[in-house]
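Text of the file query_14.cif, holding mmCIF, C-alpha atoms:
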```cif
data_model
#
loop_
_atom_site.label_atom_id
_atom_site.label_comp_id
_atom_site.auth_asym_id
_atom_site.auth_seq_id
_atom_site.Cartn_x
_atom_site.Cartn_y
_atom_site.Cartn_z
CA MET A 1 -52.78 -8.08 143.47
CA SER A 2 -49.41 -7.56 141.76
CA ALA A 3 -49.10 -8.46 138.08
CA ARG A 4 -47.36 -11.70 137.23
CA TYR A 5 -43.82 -11.39 135.93
CA PHE A 6 -43.62 -12.07 132.20
CA TYR A 7 -40.87 -14.41 131.02
CA GLY A 8 -40.51 -12.34 127.85
CA TRP A 9 -38.41 -9.83 129.79
CA ASN A 10 -35.87 -12.61 130.39
CA VAL A 11 -35.67 -13.00 126.62
CA VAL A 12 -35.13 -9.23 126.33
CA ALA A 13 -32.22 -9.50 128.78
CA ALA A 14 -30.74 -12.41 126.83
CA THR A 15 -31.06 -10.47 123.59
CA PHE A 16 -29.41 -7.48 125.29
CA VAL A 17 -26.38 -9.66 126.09
CA MET A 18 -26.33 -11.01 122.54
CA ALA A 19 -26.38 -7.46 121.12
CA LEU A 20 -23.68 -6.36 123.56
CA PHE A 21 -21.11 -8.80 122.17
CA THR A 22 -22.38 -8.98 118.59
CA PHE A 23 -22.19 -5.23 118.05
CA GLY A 24 -19.23 -4.71 120.37
CA LEU A 25 -17.03 -7.21 118.50
CA GLY A 26 -18.77 -7.46 115.14
CA PHE A 27 -19.51 -3.79 114.45
CA TYR A 28 -17.65 -1.32 116.65
CA GLY A 29 -14.67 -3.62 117.06
CA LEU A 30 -13.89 -3.52 113.34
CA THR A 31 -12.14 -0.17 113.69
CA VAL A 32 -9.81 -1.70 116.27
CA TYR A 33 -9.08 -4.72 114.05
CA VAL A 34 -8.39 -2.59 110.98
CA ALA A 35 -6.07 -0.19 112.80
CA THR A 36 -4.16 -3.03 114.45
CA LEU A 37 -3.75 -4.98 111.20
CA GLN A 38 -2.41 -1.87 109.48
CA ARG A 39 0.06 -1.27 112.27
CA LEU A 40 1.26 -4.88 112.53
CA HIS A 41 1.59 -5.67 108.83
CA GLY A 42 2.01 -2.26 107.24
CA TRP A 43 -1.00 -2.78 104.97
CA SER A 44 -2.71 0.17 103.33
CA ALA A 45 -6.17 1.33 104.30
CA SER A 46 -7.62 0.12 101.00
CA THR A 47 -6.11 -3.34 101.45
CA VAL A 48 -7.89 -3.77 104.78
CA SER A 49 -11.10 -1.88 104.06
CA ALA A 50 -12.05 -3.92 100.96
CA PRO A 51 -12.56 -7.15 102.99
CA VAL A 52 -14.54 -5.12 105.53
CA THR A 53 -16.87 -4.03 102.73
CA VAL A 54 -17.34 -7.68 101.77
CA TYR A 55 -18.12 -8.37 105.41
CA TYR A 56 -20.93 -5.82 105.54
CA VAL A 57 -22.39 -6.86 102.19
CA ALA A 58 -22.37 -10.56 103.14
CA GLY A 59 -23.99 -9.80 106.48
CA ALA A 60 -26.68 -7.68 104.83
CA LEU A 61 -27.46 -10.42 102.31
CA LEU A 62 -27.76 -12.97 105.09
CA THR A 63 -30.31 -10.87 106.99
CA THR A 64 -32.70 -11.17 104.03
CA ALA A 65 -32.98 -14.92 104.63
CA ILE A 66 -32.32 -15.21 108.35
CA GLY A 67 -36.02 -15.00 109.24
CA SER A 68 -36.79 -18.37 107.68
CA VAL A 69 -33.79 -19.88 109.47
CA TYR A 70 -35.13 -18.68 112.82
CA ASP A 71 -38.59 -20.03 111.96
CA ARG A 72 -37.20 -23.45 111.16
CA PHE A 73 -34.66 -23.96 113.95
CA GLY A 74 -35.71 -21.49 116.66
CA PRO A 75 -33.63 -18.74 118.29
CA ARG A 76 -31.78 -21.02 120.67
CA LEU A 77 -30.09 -23.14 118.00
CA VAL A 78 -29.52 -20.27 115.59
CA VAL A 79 -27.90 -18.00 118.19
CA ILE A 80 -25.70 -20.80 119.55
CA GLY A 81 -24.55 -21.71 116.04
CA ALA A 82 -23.98 -18.08 115.08
CA SER A 83 -21.96 -17.39 118.23
CA VAL A 84 -19.71 -20.36 117.47
CA VAL A 85 -19.11 -19.11 113.93
CA MET A 86 -18.49 -15.52 114.97
CA ALA A 87 -16.14 -16.46 117.81
CA GLY A 88 -14.18 -18.70 115.44
CA GLY A 89 -13.93 -15.92 112.87
CA ILE A 90 -12.72 -13.40 115.45
CA ALA A 91 -10.07 -15.81 116.70
CA ALA A 92 -8.98 -16.61 113.12
CA LEU A 93 -8.58 -12.90 112.39
CA GLY A 94 -5.65 -12.81 114.78
CA LEU A 95 -3.88 -15.49 112.72
CA VAL A 96 -4.05 -13.63 109.40
CA THR A 97 -0.67 -12.99 107.77
CA ARG A 98 -1.68 -12.27 104.16
CA PRO A 99 -4.22 -9.74 102.85
CA TRP A 100 -6.18 -12.36 100.87
CA GLN A 101 -6.82 -14.28 104.10
CA LEU A 102 -8.96 -11.40 105.33
CA TYR A 103 -11.69 -12.23 102.83
CA PRO A 104 -12.60 -15.77 103.99
CA VAL A 105 -12.19 -14.75 107.64
CA PHE A 106 -14.53 -11.79 107.28
CA VAL A 107 -17.06 -13.91 105.38
CA VAL A 108 -17.09 -16.37 108.28
CA MET A 109 -17.55 -13.51 110.72
CA ALA A 110 -20.35 -12.13 108.55
CA VAL A 111 -22.34 -15.34 109.05
CA GLY A 112 -22.29 -14.79 112.80
CA TRP A 113 -22.89 -11.06 112.51
CA GLY A 114 -25.79 -11.37 110.09
CA SER A 115 -27.44 -14.03 112.25
CA MET A 116 -27.36 -11.92 115.43
CA SER A 117 -27.58 -8.31 114.22
CA GLY A 118 -30.51 -5.90 114.29
CA ALA A 119 -32.85 -8.05 112.22
CA ALA A 120 -32.29 -10.99 114.57
CA ILE A 121 -33.16 -8.86 117.60
CA ASN A 122 -36.54 -8.02 116.09
CA ILE A 123 -37.14 -11.63 115.02
CA ILE A 124 -36.40 -13.02 118.47
CA LEU A 125 -38.58 -10.53 120.35
CA ALA A 126 -41.51 -10.25 117.93
CA PRO A 127 -43.38 -13.37 119.19
CA TRP A 128 -43.11 -12.22 122.81
CA PHE A 129 -44.49 -8.69 122.55
CA GLU A 130 -47.18 -6.75 120.72
CA ARG A 131 -48.27 -3.79 122.83
CA ARG A 132 -44.82 -3.32 124.40
CA ARG A 133 -42.70 -4.45 121.45
CA GLY A 134 -41.19 -1.01 120.95
CA LEU A 135 -39.98 -0.88 124.55
CA ALA A 136 -38.62 -4.42 124.43
CA VAL A 137 -36.70 -3.87 121.21
CA SER A 138 -35.28 -0.53 122.39
CA ILE A 139 -34.01 -2.13 125.60
CA ALA A 140 -32.32 -4.91 123.63
CA PHE A 141 -30.72 -2.39 121.25
CA ASN A 142 -29.25 -0.60 124.24
CA GLY A 143 -27.00 -3.64 124.49
CA ALA A 144 -25.64 -2.77 121.05
CA THR A 145 -24.91 0.78 122.17
CA LEU A 146 -23.27 -0.43 125.35
CA GLY A 147 -21.11 -2.76 123.28
CA GLY A 148 -19.70 0.23 121.45
CA VAL A 149 -19.01 2.02 124.71
CA THR A 150 -17.47 -0.88 126.64
CA VAL A 151 -16.53 -3.94 124.57
CA ALA A 152 -14.75 -2.24 121.69
CA PRO A 153 -12.66 0.12 123.89
CA VAL A 154 -11.65 -2.78 126.16
CA LEU A 155 -10.11 -4.51 123.14
CA ILE A 156 -7.37 -1.88 122.95
CA PRO A 157 -5.72 -2.52 126.36
CA VAL A 158 -6.29 -6.28 126.04
CA ILE A 159 -4.40 -6.26 122.72
CA ALA A 160 -1.65 -4.19 124.31
CA VAL A 161 -1.23 -6.69 127.14
CA PHE A 162 -1.72 -10.04 125.40
CA GLY A 163 -0.97 -9.25 121.78
CA PHE A 164 -3.35 -9.23 118.83
CA THR A 165 -3.64 -13.00 118.35
CA ARG A 166 -4.22 -13.90 121.99
CA ALA A 167 -6.50 -10.93 122.59
CA LEU A 168 -8.84 -11.99 119.80
CA VAL A 169 -8.90 -15.56 121.07
CA ILE A 170 -9.85 -14.23 124.50
CA ALA A 171 -12.51 -11.97 123.01
CA GLY A 172 -13.95 -14.84 120.99
CA LEU A 173 -14.09 -17.17 123.97
CA VAL A 174 -15.73 -14.59 126.24
CA SER A 175 -18.31 -13.75 123.59
CA PHE A 176 -18.96 -17.42 122.91
CA GLY A 177 -19.42 -18.28 126.58
CA ALA A 178 -21.74 -15.38 127.35
CA VAL A 179 -23.97 -15.64 124.28
CA VAL A 180 -24.24 -19.43 124.34
CA ALA A 181 -25.15 -19.32 128.03
CA VAL A 182 -28.05 -16.88 127.60
CA ALA A 183 -29.24 -18.61 124.42
CA ALA A 184 -29.25 -22.08 125.94
CA LEU A 185 -30.74 -21.10 129.28
CA VAL A 186 -33.20 -18.35 128.37
CA MET A 187 -34.17 -18.14 124.70
CA ARG A 188 -37.29 -19.95 123.50
CA ARG A 189 -39.41 -19.82 120.38
CA GLY A 190 -42.25 -17.84 121.91
CA PRO A 191 -44.70 -17.49 124.80
CA GLU A 192 -46.83 -20.37 123.46
CA ALA A 193 -44.29 -22.76 124.99
CA LEU A 194 -45.34 -21.39 128.40
CA GLY A 195 -49.05 -21.38 127.64
CA LEU A 196 -49.10 -17.60 127.24
CA GLY A 197 -49.72 -15.05 124.54
CA PRO A 198 -47.73 -11.92 123.67
CA ASP A 199 -47.10 -9.47 126.53
CA GLY A 200 -47.96 -12.20 129.04
CA GLU A 201 -51.64 -12.27 128.16
CA ALA A 202 -53.63 -15.49 128.13
CA ALA A 203 -52.92 -17.68 125.14
CA PRO A 204 -55.28 -16.93 122.22
CA SER A 205 -56.40 -20.56 122.08
CA ALA A 206 -57.36 -20.50 125.75
CA VAL A 207 -59.37 -17.33 125.33
CA ALA A 208 -61.13 -18.57 122.22
CA ALA A 209 -61.90 -22.04 123.54
CA PRO A 210 -65.06 -21.21 125.56
CA GLY A 211 -66.52 -19.27 122.65
CA VAL A 212 -65.73 -22.06 120.22
CA ALA A 213 -67.29 -24.65 122.51
CA ALA A 214 -70.45 -22.53 122.94
CA ALA A 215 -70.69 -22.06 119.20
CA ARG A 216 -70.40 -25.77 118.64
CA ARG A 217 -73.14 -26.48 121.22
CA TRP A 218 -75.43 -23.89 119.62
CA ARG A 219 -74.85 -25.38 116.16
CA GLY A 220 -75.58 -28.86 117.53
CA ASP A 221 -78.85 -27.71 119.10
CA ALA A 222 -79.87 -25.89 115.95
CA PHE A 223 -79.14 -28.92 113.82
CA ALA A 224 -81.20 -31.20 116.10
CA ARG A 225 -84.17 -28.85 116.09
CA GLY A 226 -83.95 -28.34 112.37
CA ALA A 227 -84.03 -32.09 111.82
CA SER A 228 -87.29 -32.35 113.79
CA GLY A 229 -88.89 -29.55 111.73
CA ALA A 230 -88.88 -26.98 114.53
CA CYS A 231 -87.25 -23.59 114.41
CA PRO A 232 -84.42 -22.88 116.85
CA ARG A 233 -85.58 -21.46 120.14
CA PRO A 234 -84.97 -17.71 119.96
CA SER A 235 -82.87 -15.68 122.36
CA ARG A 236 -81.39 -12.20 122.33
CA SER A 237 -78.12 -13.56 120.92
CA VAL A 238 -79.90 -15.33 118.02
CA TRP A 239 -82.79 -12.98 117.30
CA ARG A 240 -82.00 -13.09 113.59
CA HIS A 241 -83.08 -16.73 113.43
CA ARG A 242 -86.53 -15.87 114.77
CA SER A 243 -87.17 -13.46 111.95
CA ALA A 244 -85.76 -15.93 109.41
CA CYS A 245 -88.07 -18.70 110.68
CA SER A 246 -91.06 -16.37 110.57
CA ARG A 247 -90.40 -15.55 106.94
CA ILE A 248 -90.08 -19.24 106.10
CA SER A 249 -93.37 -20.04 107.87
CA SER A 250 -95.25 -17.24 106.10
CA ARG A 251 -94.05 -18.39 102.69
CA SER A 252 -95.13 -21.95 103.34
#
```

Go ahead and render the structure in this file as structure tokens.
Amino acid sequence: MSARYFYGWNVVAATFVMALFTFGLGFYGLTVYVATLQRLHGWSASTVSAPVTVYYVAGALLTTAIGSVYDRFGPRLVVIGASVVMAGGIAALGLVTRPWQLYPVFVVMAVGWGSMSGAAINIILAPWFERRRGLAVSIAFNGATLGGVTVAPVLIPVIAVFGFTRALVIAGLVSFGAVVAVAALVMRRGPEALGLGPDGEAAPSAVAAPGVAAARRWRGDAFARGASGACPRPSRSVWRHRSACSRISSRS
């Protein structure tokens, strides 16, 4: 009999798509933005790189608290919200005309980046996998690598054809559509919503239920026999009670 397909791999695929656009536009794409802004406005490297530093610091600070946000709202809502913020920040970057405007724009982008970066990938996949978590996370991170190979380089000809402002609007809309789609249709809090445990195993509650019920029945029988003054009827599973009762009887 073939093994049942585990829905967690759908979540891995959705996280792969999220990483593809998040890293492609929010990490590798920064070099394209910086070079284009320098060329269009004649700004120095230090003028453009300082806001980028703020971007990375803000994103890193956000990752320290993003776990509690995922716990409270779930991956679906967090990823949808983060994709909206990041797409808006990318589109706004194309409208910048003054160096100071880079700071608020990059801070906005950092909210989306920090909510969907490497920490988020681990947070989303952790409830779904235990034994195969390493494989699942590595597959999802391949989306980040692919984003650097495909998404960031594609920005260059798109900017050449449509111009910087329109190209970033297009990039933001494509990223928004793809990430929101996989988040809304695929992402869930964890396998418990499907009655499963990590790696597609039976839910822990379902496995423990028979044992709990048996324990409760045994305790009920023991209590009834104890109330009547008799010792519990021994068996191989409760041989300790036989010896305990014998000691009690000898003392009395």

Legend entry - For Gly89 (chain A): contacts at 7 Å, all atoms listed in the file, fewer than 3 positions along chain excluded, given as a ChimeraX atom specification: /A:85-86,92-93,105-106,108-109

Inset, instruction - Enter the distance from CA of Ser117 (chain A) to CA of Pro153 (chain A), in Å, rounded to one decimal. - result: 19.7 Å

Inset, instruction - Rounded to one decimal place, report the CA of Ile159 (chain A)-CA of Gly26 (chain A) distance in Å. - result: 16.3 Å

Legend entry - CA of Gly8 (chain A) to CA of Phe27 (chain A), straight-line distance in Å: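 Result for CA of Phe27 (chain A) versus CA of Gly8 (chain A): 26.3 Å, one decimal.
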
Legend entry - the PyMOL selection byres ((chain A and resi 164-178) around 7) resolved against shown file, as number ranges by chain: A: 21, 83-84, 87-88, 90-91, 94-95, 158-159, 162-163, 179-182

Draw an axis-aligned box tight on the listed atoms of region 145-161 of chain A, then pad every side by 3 Å and write out centre and edge lengths in Å to one decimal as AutoDock Vina command-line options.
```
--center_x -13.1 --center_y -2.3 --center_z 124.3 --size_x 29.7 --size_y 14.7 --size_z 11.7
```

Legend entry - Output check: residues returned by the PyMOL selection byres ((chain A and resi 201) around 12), as a PyMOL selection string: chain A and resi 3-8+128-132+191-192+194-200+202-207

Hey, could you patch up region 142-155 of chain A with N, CA and C atoms and hand it over as a PDB file, keeping the file's coordinate frame?
```pdb
ATOM      1  N   ASN A 142     -30.180  -1.273 123.347  1.00  0.00           N
ATOM      2  CA  ASN A 142     -29.250  -0.600 124.240  1.00  0.00           C
ATOM      3  C   ASN A 142     -28.013  -1.444 124.500  1.00  0.00           C
ATOM      4  N   GLY A 143     -28.164  -2.769 124.389  1.00  0.00           N
ATOM      5  CA  GLY A 143     -27.000  -3.640 124.490  1.00  0.00           C
ATOM      6  C   GLY A 143     -26.011  -3.375 123.377  1.00  0.00           C
ATOM      7  N   ALA A 144     -26.515  -3.097 122.171  1.00  0.00           N
ATOM      8  CA  ALA A 144     -25.640  -2.770 121.050  1.00  0.00           C
ATOM      9  C   ALA A 144     -24.867  -1.476 121.322  1.00  0.00           C
ATOM     10  N   THR A 145     -25.577  -0.485 121.845  1.00  0.00           N
ATOM     11  CA  THR A 145     -24.910   0.780 122.170  1.00  0.00           C
ATOM     12  C   THR A 145     -23.867   0.597 123.252  1.00  0.00           C
ATOM     13  N   LEU A 146     -24.220  -0.182 124.262  1.00  0.00           N
ATOM     14  CA  LEU A 146     -23.270  -0.430 125.350  1.00  0.00           C
ATOM     15  C   LEU A 146     -22.052  -1.196 124.849  1.00  0.00           C
ATOM     16  N   GLY A 147     -22.247  -2.051 123.850  1.00  0.00           N
ATOM     17  CA  GLY A 147     -21.110  -2.760 123.280  1.00  0.00           C
ATOM     18  C   GLY A 147     -20.106  -1.826 122.651  1.00  0.00           C
ATOM     19  N   GLY A 148     -20.604  -0.757 122.015  1.00  0.00           N
ATOM     20  CA  GLY A 148     -19.700   0.230 121.450  1.00  0.00           C
ATOM     21  C   GLY A 148     -18.978   1.048 122.492  1.00  0.00           C
ATOM     22  N   VAL A 149     -19.592   1.203 123.648  1.00  0.00           N
ATOM     23  CA  VAL A 149     -19.010   2.020 124.710  1.00  0.00           C
ATOM     24  C   VAL A 149     -18.037   1.222 125.567  1.00  0.00           C
ATOM     25  N   THR A 150     -18.284  -0.074 125.710  1.00  0.00           N
ATOM     26  CA  THR A 150     -17.470  -0.880 126.640  1.00  0.00           C
ATOM     27  C   THR A 150     -16.629  -1.941 125.935  1.00  0.00           C
ATOM     28  N   VAL A 151     -17.251  -2.791 125.135  1.00  0.00           N
ATOM     29  CA  VAL A 151     -16.530  -3.940 124.570  1.00  0.00           C
ATOM     30  C   VAL A 151     -15.421  -3.511 123.630  1.00  0.00           C
ATOM     31  N   ALA A 152     -15.757  -2.664 122.660  1.00  0.00           N
ATOM     32  CA  ALA A 152     -14.750  -2.240 121.690  1.00  0.00           C
ATOM     33  C   ALA A 152     -13.571  -1.499 122.345  1.00  0.00           C
ATOM     34  N   PRO A 153     -13.804  -0.545 123.250  1.00  0.00           N
ATOM     35  CA  PRO A 153     -12.660   0.120 123.890  1.00  0.00           C
ATOM     36  C   PRO A 153     -11.800  -0.829 124.741  1.00  0.00           C
ATOM     37  N   VAL A 154     -12.420  -1.846 125.334  1.00  0.00           N
ATOM     38  CA  VAL A 154     -11.650  -2.780 126.160  1.00  0.00           C
ATOM     39  C   VAL A 154     -10.683  -3.591 125.305  1.00  0.00           C
ATOM     40  N   LEU A 155     -11.014  -3.772 124.024  1.00  0.00           N
ATOM     41  CA  LEU A 155     -10.110  -4.510 123.140  1.00  0.00           C
ATOM     42  C   LEU A 155      -8.721  -3.883 123.073  1.00  0.00           C
TER      43      LEU A 155
END
```
